[in-house]
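Asks: So that we are looking at the same thing, I have put the structure below in structure tokens.
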Amino acid sequence: MNDRRGRPSRRRQGSGGPAVRDIDVSVLRNTVARLIVEANYNIPADILDALRDAVTREESPLGRRTLEQLVRNYEIAAAERVPVCQDSGLAVVMLEAGQDVHWTGGSVQDAIYEGIREGITSGYLRWSVTGDPTRVLKTAGSDMPGVIHIELVPGADVKITVASKGFGAENMSALRMFVPADGVPAITDFVVETVDRAGANACPPIIVGVGVGGTFETAALLAKKAVLRPIDVRHSRPDLCRLEGELLARVNDLGIGPQGLGGRVTALGVNIEVYPTHIAGLPVAVNLGCHSTRRISTTL
Amino acid sequence: MSVIQLNYADGIAEADLDRLRAGDSVELTGHVISLRDASAARLARALQAGEPPPVSLENRILYAVGPSPAKPGQIIGSAGPTTTARMARFFPAIFAAGVRGIIGKGELHGDEMAPFVAHRAVYFAAIGGLGALLAKQISSATVVAYDDLGPEALFALEIHTFPAVVIIDRHGGNFHETARAPWRRTE
């Protein structure tokens with residue numbers, strides 16, 4: 001990696017401390033800009049594979065026709081380098097930043113915002129953000145055109161994940177605070193209920209991200225991480241891996257099918273993420289992702 | 001699977017709308033005007049204030065879409081449907097001005113469906129997330145009003161063999177309310 005002046009970023013030795021790695025924020029800006037464009041032109045391979053497989057499994061003729069058109073859409077977008085969907089979403093940028101990284105050249109947040117803006121412009125993506133969620137300020141533009149989550153991790157690497165979150169599915173997501181006695185059955189019922197209520201609006205076949213634990217906001221962030229996890233990666237805990245499979249079967253039994261036109265394939269995957277919580281609580285969040293849940297990661 | 005071709009030069013025939021049934025696959029060829037949250041709100045406000053619409057809505061079909069910017073050489077950027085339900089509250093005013101149908105995506109129930117029944121309008125669902133493919137079914141795109149709304153401006157679009165499914169028909173049918181049952185498995 002090179003910094004803004006073309007020099008390689010360097011690792012320097014502090015006085016007896018661990019090696020500190022300098023990274024110029026321009027590297028981050030350029031990477032975010034590149035990733036957001038790629039995410040919008042190419043849906044993840046695991047999702048495309050799942051859609052191709054769904055074509056062979058779907059029993060409803062209308063559902064099969066829909067899935068075939070979706071696959072064709074993704075082939076066109078990749079070949080012609082155009083956005084898979086006109087809703088290029090709200091950008092969500094997640095950093096797992098090594099604690100031994102020292103950022104130089106400016107603000108990390110500003111670099112990410114600039115990268116999003118640059119990617120949207122250079123990639124002919126739709127500007128889909130309003131500066132004022134209340135819409136009271138009629139002319140509000142935004143110098144914060146996305147959502148940033150930064151997590152500190154050991155080491156000197158930086159993993160960047162960029163997602164473009166369409167709001168058809170985002171709008172149908174839900175969070176509920178259960179109590180401990182409600183247990184796993186409550187999680188199951190809540191997931192099924194949320195998908196059932198979302199119906200066609202979430203653009204099925206969908207990806208379901210389930211976040212369980214922590215506090216109110218932890219559950220939501222876990223659900224976001226879950227919906228952005230590749231759908232061919234199962235949870236490492238055997239019971240949760242099994243629950244993911246059970247939930248996928250339950251959701252597909254709803255019969256919603258591709259685009260809510262009826263069929264076997266309502267979801268392509270269900271991913272669960274968990275975190276410890278209070279002895280009095282069981283927060284559960286369900287974040288839905290449309291069939292073009294756009295995400296891409298790289299490591300600096 | 002049979003697909004009904006719905007060709008109309010400018011405005012749609014009553015007889016064509018009458019014969020459609022919920023669940024029919026159609027391909028539309030003709031003229032549509034785009035609609036989105038901001039333009040729908042402004043259009044409905046103008047109509048309710050007794051102002052004429054900025055473009056004739058008589059016998060029109062509207063398409064709920066906010067396209068992405070066209071790349072050089074493109075007629076229009078990606079242009080798949082957006083969620084129709086968000087604009088449903090504006091439909092009574094818009095249908096009263098002569099609109100005969102909406103192309104969008106997602107489900108409409110209860111109060112969202114009522115204006116379709118009251119005005120005998122037809123709801124077509126296009127496939128959400130089909131933006132790159134559907135852009136190829138559009139042969140011309142011109143902003144006709146509300147330019148300041150960017151992707152939410154009113155675009156006049158010519159569509160060709162544009163794939164959609166009839167969801168709300170003129171005979172009380174709402175395909176999203178019946179489509180699941182044959183495929184639903186209960187414990």
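Identifiers in the structure tokens: chain A, B, ... in order shown; residue index from 1 per chain; ligand index from 1 in order shown.
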Fewer than 2 positions away in the same chain doesn't count, so skip those; otherwise give me all residues within 10 Å of segment 43-45 of chain A, counting only C-alpha atoms, as a list in words.

Replies: Glu38, Ala39, Asn40, Tyr41, Ile47, Leu48, Asp49, Ala50, Leu51, Tyr74, Glu75, Ala77, Ala78, Pro83, Val84, Pro230, Ile231, His291, Ser292, Thr293, Arg294, Arg295 and Ile296 of chain A

Asks: Residues of chain B within 7 Å of chain A, counting only C-alpha atoms - could you list those as a list in words?

Replies: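 Residues satisfying the distance criterion: Gly66, Pro67, Ser68, Pro69, Ala70, Lys71, Ser78, Ala79, Gly80, Thr83, Gly106, Glu107, Ile127, Gly128, Gly129, Leu130, Gly131, Ala132, Leu133, His176, Ala179, Arg180, Ala181, Trp183, Arg184 and Arg185 of chain B.
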
Asks: Could you check which of A:Gly141, A:Gly105, A:Pro238, A:Pro180 is closest to Ala280 of chain A, using only C-alpha atoms?

Replies: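 The answer is A:Pro180, which sits nearest to Ala280 of chain A.
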
Asks: DSSP on the backbone: what in segment 1-181 of chain B comes out strand (DSSP E or B), as a compact mmCIF listing (two decimals) with C-alpha atoms, in the first residue's frame?

Replies:
# COMPACT_ATOMS: atom_id res chain seq x y z
CA VAL B 3 -47.14 -14.01 -21.10
CA ILE B 4 -49.79 -11.44 -22.09
CA GLN B 5 -48.50 -8.72 -24.39
CA LEU B 6 -49.94 -5.36 -23.42
CA ASN B 7 -49.21 -2.89 -26.19
CA SER B 25 -47.58 -12.41 -16.40
CA VAL B 26 -47.51 -9.45 -18.77
CA GLU B 27 -45.06 -7.54 -20.91
CA LEU B 28 -45.91 -3.87 -21.25
CA THR B 29 -45.02 -1.77 -24.27
CA GLY B 30 -45.92 1.89 -24.27
CA HIS B 31 -45.56 5.13 -22.41
CA VAL B 32 -45.22 5.52 -18.64
CA ILE B 33 -44.44 8.37 -16.27
CA SER B 34 -42.18 7.78 -13.31
CA LEU B 35 -43.23 8.39 -9.74
CA ILE B 61 -49.71 4.20 -16.27
CA LEU B 62 -47.17 5.37 -13.69
CA TYR B 63 -43.96 3.54 -12.83
CA ALA B 64 -42.58 3.78 -9.29
CA THR B 83 -41.71 -0.09 -3.01
CA GLY B 101 -52.41 1.76 -13.29
CA ILE B 102 -49.21 1.64 -11.31
CA ILE B 103 -46.09 -0.43 -11.91
CA GLY B 104 -44.09 -0.86 -8.72
CA LYS B 105 -42.94 -3.53 -6.33
CA VAL B 122 -54.53 -2.01 -11.92
CA TYR B 123 -51.37 -2.72 -9.93
CA PHE B 124 -48.47 -4.39 -11.72
CA ALA B 125 -45.42 -5.62 -9.82
CA ILE B 138 -36.57 1.46 -21.72
CA SER B 139 -35.96 3.14 -25.08
CA SER B 140 -36.30 6.78 -24.08
CA ALA B 141 -36.23 8.81 -20.89
CA THR B 142 -36.97 12.52 -20.57
CA VAL B 143 -37.54 14.61 -17.48
CA VAL B 144 -40.94 16.29 -17.92
CA ALA B 145 -41.35 17.97 -14.51
CA LEU B 154 -41.09 12.97 -13.25
CA PHE B 155 -39.59 11.11 -16.21
CA ALA B 156 -41.51 10.25 -19.36
CA LEU B 157 -40.37 6.75 -20.30
CA GLU B 158 -40.97 4.53 -23.32
CA ILE B 159 -40.96 0.91 -22.22
CA HIS B 160 -40.76 -2.19 -24.40
CA THR B 161 -41.79 -5.74 -23.44
CA PHE B 162 -41.34 -4.70 -19.85
CA PRO B 163 -41.93 -7.77 -17.64
CA ALA B 164 -44.40 -7.51 -14.76
CA VAL B 165 -47.07 -9.50 -12.94
CA VAL B 166 -50.64 -8.31 -12.36
CA ILE B 167 -51.14 -8.03 -8.59
CA ILE B 168 -54.37 -6.02 -8.14
CA ASN B 174 -54.85 -9.21 -5.04

Asks: I'd like to know which of A:Pro283, A:Pro145, A:Gly269, A:Pro185 is closest to Phe216 of chain A, using only C-alpha atoms.

Replies: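 Under the stated criterion, the closest residue is A:Pro283.
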
Asks: Excluding Arg89 of chain B and residues on its chain fewer than 2 positions from it, collect all residues at most 12 Å away from it, counting only C-alpha atoms, and give them as an mmCIF file with N, CA and C atoms, in the first residue's frame.

Replies:
data_model
loop_
_atom_site.group_PDB
_atom_site.id
_atom_site.type_symbol
_atom_site.label_atom_id
_atom_site.label_comp_id
_atom_site.auth_asym_id
_atom_site.auth_seq_id
_atom_site.Cartn_x
_atom_site.Cartn_y
_atom_site.Cartn_z
ATOM 1 N N ASP B 37 -41.326 8.862 -4.055
ATOM 2 C CA ASP B 37 -41.840 9.478 -2.826
ATOM 3 C C ASP B 37 -42.030 10.989 -2.966
ATOM 4 N N ALA B 40 -44.426 12.059 -5.891
ATOM 5 C CA ALA B 40 -45.807 11.673 -5.590
ATOM 6 C C ALA B 40 -46.428 12.666 -4.614
ATOM 7 N N ALA B 41 -45.659 13.048 -3.602
ATOM 8 C CA ALA B 41 -46.161 13.989 -2.593
ATOM 9 C C ALA B 41 -46.457 15.339 -3.247
ATOM 10 N N LEU B 43 -46.964 15.990 -6.456
ATOM 11 C CA LEU B 43 -48.036 15.866 -7.451
ATOM 12 C C LEU B 43 -49.400 15.845 -6.753
ATOM 13 N N ALA B 44 -49.512 15.060 -5.690
ATOM 14 C CA ALA B 44 -50.794 14.952 -4.978
ATOM 15 C C ALA B 44 -51.179 16.299 -4.359
ATOM 16 N N ARG B 45 -50.181 17.000 -3.813
ATOM 17 C CA ARG B 45 -50.464 18.321 -3.223
ATOM 18 C C ARG B 45 -51.005 19.283 -4.279
ATOM 19 N N THR B 84 -43.998 0.316 -3.675
ATOM 20 C CA THR B 84 -45.179 1.116 -3.989
ATOM 21 C C THR B 84 -45.903 1.618 -2.741
ATOM 22 N N ALA B 85 -45.912 0.804 -1.698
ATOM 23 C CA ALA B 85 -46.727 1.111 -0.513
ATOM 24 C C ALA B 85 -46.386 2.474 0.092
ATOM 25 N N ARG B 86 -45.130 2.883 -0.041
ATOM 26 C CA ARG B 86 -44.738 4.165 0.551
ATOM 27 C C ARG B 86 -45.507 5.344 -0.051
ATOM 28 N N MET B 87 -46.048 5.166 -1.252
ATOM 29 C CA MET B 87 -46.716 6.271 -1.941
ATOM 30 C C MET B 87 -48.235 6.120 -1.959
ATOM 31 N N PHE B 91 -52.324 8.036 -3.812
ATOM 32 C CA PHE B 91 -53.003 7.474 -4.979
ATOM 33 C C PHE B 91 -54.433 7.984 -5.195
ATOM 34 N N PRO B 92 -55.208 8.239 -4.125
ATOM 35 C CA PRO B 92 -56.570 8.733 -4.414
ATOM 36 C C PRO B 92 -56.552 9.976 -5.296
ATOM 37 N N ALA B 93 -55.699 10.937 -4.972
ATOM 38 C CA ALA B 93 -55.628 12.167 -5.774
ATOM 39 C C ALA B 93 -55.089 11.876 -7.177
ATOM 40 N N ILE B 94 -54.091 11.019 -7.246
ATOM 41 C CA ILE B 94 -53.448 10.740 -8.530
ATOM 42 C C ILE B 94 -54.383 9.934 -9.449
ATOM 43 N N PHE B 95 -55.101 8.974 -8.865
ATOM 44 C CA PHE B 95 -56.036 8.191 -9.675
ATOM 45 C C PHE B 95 -57.201 9.060 -10.154
ATOM 46 N N LEU B 108 -49.566 -4.424 -1.400
ATOM 47 C CA LEU B 108 -50.528 -3.386 -1.028
ATOM 48 C C LEU B 108 -51.740 -4.082 -0.427
ATOM 49 N N GLY B 110 -55.368 -3.565 2.350
ATOM 50 C CA GLY B 110 -56.261 -2.694 3.112
ATOM 51 C C GLY B 110 -56.359 -1.298 2.525
ATOM 52 N N ASP B 111 -55.977 -0.311 3.338
ATOM 53 C CA ASP B 111 -56.079 1.090 2.918
ATOM 54 C C ASP B 111 -55.208 1.387 1.696
ATOM 55 N N GLU B 112 -54.127 0.621 1.538
ATOM 56 C CA GLU B 112 -53.244 0.851 0.380
ATOM 57 C C GLU B 112 -53.889 0.327 -0.900
ATOM 58 N N MET B 113 -54.719 -0.691 -0.757
ATOM 59 C CA MET B 113 -55.378 -1.298 -1.923
ATOM 60 C C MET B 113 -56.649 -0.533 -2.299
ATOM 61 N N ALA B 114 -57.274 0.097 -1.292
ATOM 62 C CA ALA B 114 -58.600 0.713 -1.482
ATOM 63 C C ALA B 114 -58.673 1.668 -2.677
ATOM 64 N N PRO B 115 -57.682 2.570 -2.872
ATOM 65 C CA PRO B 115 -57.806 3.492 -4.013
ATOM 66 C C PRO B 115 -57.819 2.765 -5.365
ATOM 67 N N PHE B 116 -57.163 1.612 -5.446
ATOM 68 C CA PHE B 116 -57.180 0.842 -6.698
ATOM 69 C C PHE B 116 -58.600 0.357 -6.972
#

Asks: Find the spatial neighbours of Ile150 of chain A, counting only C-alpha atoms, within a cut-off of 12 Å - ignore same-chain residues fewer than 3 positions away - and output them as a list in words.

Replies: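 Listed by chain and then number, they are Val92, Val93, Met94, Leu95, Glu96, Ala97, Gly98, Gln99, Val108, Gln109, Ile112, Val147, Val153, Val158, Lys159, Ile160, Thr161 and Leu221 of chain A.
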
Asks: Include N, CA and C atoms and write out the residues we just selected as an mmCIF file, in the first residue's frame.

Replies:
data_model
loop_
_atom_site.group_PDB
_atom_site.id
_atom_site.type_symbol
_atom_site.label_atom_id
_atom_site.label_comp_id
_atom_site.auth_asym_id
_atom_site.auth_seq_id
_atom_site.Cartn_x
_atom_site.Cartn_y
_atom_site.Cartn_z
ATOM 1 N N VAL A 92 -22.783 1.416 4.241
ATOM 2 C CA VAL A 92 -22.394 1.044 5.598
ATOM 3 C C VAL A 92 -20.940 0.607 5.524
ATOM 4 N N VAL A 93 -20.072 1.326 6.204
ATOM 5 C CA VAL A 93 -18.640 1.008 6.177
ATOM 6 C C VAL A 93 -18.231 0.527 7.557
ATOM 7 N N MET A 94 -17.724 -0.702 7.592
ATOM 8 C CA MET A 94 -17.280 -1.282 8.865
ATOM 9 C C MET A 94 -15.779 -1.454 8.832
ATOM 10 N N LEU A 95 -15.110 -0.937 9.847
ATOM 11 C CA LEU A 95 -13.664 -1.112 9.956
ATOM 12 C C LEU A 95 -13.366 -1.990 11.159
ATOM 13 N N GLU A 96 -12.548 -3.015 10.938
ATOM 14 C CA GLU A 96 -11.928 -3.699 12.064
ATOM 15 C C GLU A 96 -10.492 -3.218 12.039
ATOM 16 N N ALA A 97 -10.228 -2.215 12.853
ATOM 17 C CA ALA A 97 -8.950 -1.501 12.764
ATOM 18 C C ALA A 97 -7.986 -2.007 13.820
ATOM 19 N N GLY A 98 -6.815 -2.432 13.358
ATOM 20 C CA GLY A 98 -5.773 -2.875 14.281
ATOM 21 C C GLY A 98 -5.375 -1.735 15.205
ATOM 22 N N GLN A 99 -5.176 -2.078 16.472
ATOM 23 C CA GLN A 99 -4.874 -1.012 17.442
ATOM 24 C C GLN A 99 -3.466 -0.477 17.277
ATOM 25 N N VAL A 108 -10.128 10.062 9.844
ATOM 26 C CA VAL A 108 -10.570 8.763 9.330
ATOM 27 C C VAL A 108 -12.020 8.852 8.846
ATOM 28 N N GLN A 109 -12.855 9.460 9.673
ATOM 29 C CA GLN A 109 -14.276 9.571 9.308
ATOM 30 C C GLN A 109 -14.439 10.350 7.994
ATOM 31 N N ILE A 112 -13.526 8.359 4.979
ATOM 32 C CA ILE A 112 -14.554 7.381 4.598
ATOM 33 C C ILE A 112 -15.705 8.083 3.880
ATOM 34 N N VAL A 147 -22.988 5.296 6.866
ATOM 35 C CA VAL A 147 -22.934 4.919 8.276
ATOM 36 C C VAL A 147 -21.592 4.237 8.521
ATOM 37 N N VAL A 153 -9.257 -3.829 17.010
ATOM 38 C CA VAL A 153 -8.846 -5.228 17.163
ATOM 39 C C VAL A 153 -7.331 -5.275 17.338
ATOM 40 N N VAL A 158 -6.053 -3.632 8.836
ATOM 41 C CA VAL A 158 -7.369 -2.981 8.858
ATOM 42 C C VAL A 158 -8.260 -3.706 7.874
ATOM 43 N N LYS A 159 -9.317 -4.348 8.384
ATOM 44 C CA LYS A 159 -10.275 -4.984 7.485
ATOM 45 C C LYS A 159 -11.409 -3.997 7.229
ATOM 46 N N ILE A 160 -11.667 -3.767 5.957
ATOM 47 C CA ILE A 160 -12.728 -2.830 5.571
ATOM 48 C C ILE A 160 -13.849 -3.615 4.905
ATOM 49 N N THR A 161 -15.056 -3.437 5.400
ATOM 50 C CA THR A 161 -16.224 -4.011 4.737
ATOM 51 C C THR A 161 -17.129 -2.867 4.307
ATOM 52 N N LEU A 221 -26.708 -4.119 15.700
ATOM 53 C CA LEU A 221 -25.421 -4.192 14.995
ATOM 54 C C LEU A 221 -25.038 -5.648 14.706
#

Asks: Quote the spacing between atom CA of Gln137 of chain B and atom CA of Val65 of chain B in Å to one decimal place.

Replies: 13.7 Å

Asks: Would you list the contacts of segment 239-244 of chain A as a list in words, taking every protein, DNA or RNA residue within 10 Å and counting only C-alpha atoms, but skipping same-chain residues closer than 4 positions in sequence?

Replies: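 Counting only C-alpha atoms, the residues come to Val184, Ile187, Thr188, Val208, Gly209, Val210, Val233, Arg234, His235, Leu248, Ala249, Arg250, Gly269, Val270, Asn271, Ile272, Glu273 and Val274 of chain A.
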
Asks: From the list B:Gln74, B:Asn59, B:Thr178, B:Thr82, which residue is nearest Ala9 of chain B when using only C-alpha atoms?

Replies: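 Answer, going by the shortest atom-to-atom distance: B:Asn59.
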
Asks: From the options B:Val99, B:Ala46, B:Ala13, B:Leu57, which residue's atoms come nearest to Arg120 of chain B, counting only C-alpha atoms?

Replies: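 Comparing B:Val99, B:Ala46, B:Ala13, B:Leu57 against Arg120 of chain B, the winner is B:Val99.
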
Asks: Measure the distance from atom CA of Val162 of chain A to atom CA of Ile23 of chain A in Å and round it to one decimal.

Replies: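 Atom CA of Ile23 of chain A lies at a distance of 18.7 Å from atom CA of Val162 of chain A.
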
Asks: I'd like to know which of A:Gly89, A:Gly115, A:Gly281, A:Pro276 is closest to Glu170 of chain A, using only C-alpha atoms.

Replies: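 Going through A:Gly89, A:Gly115, A:Gly281, A:Pro276 one by one, the smallest distance to Glu170 of chain A is for A:Gly89.
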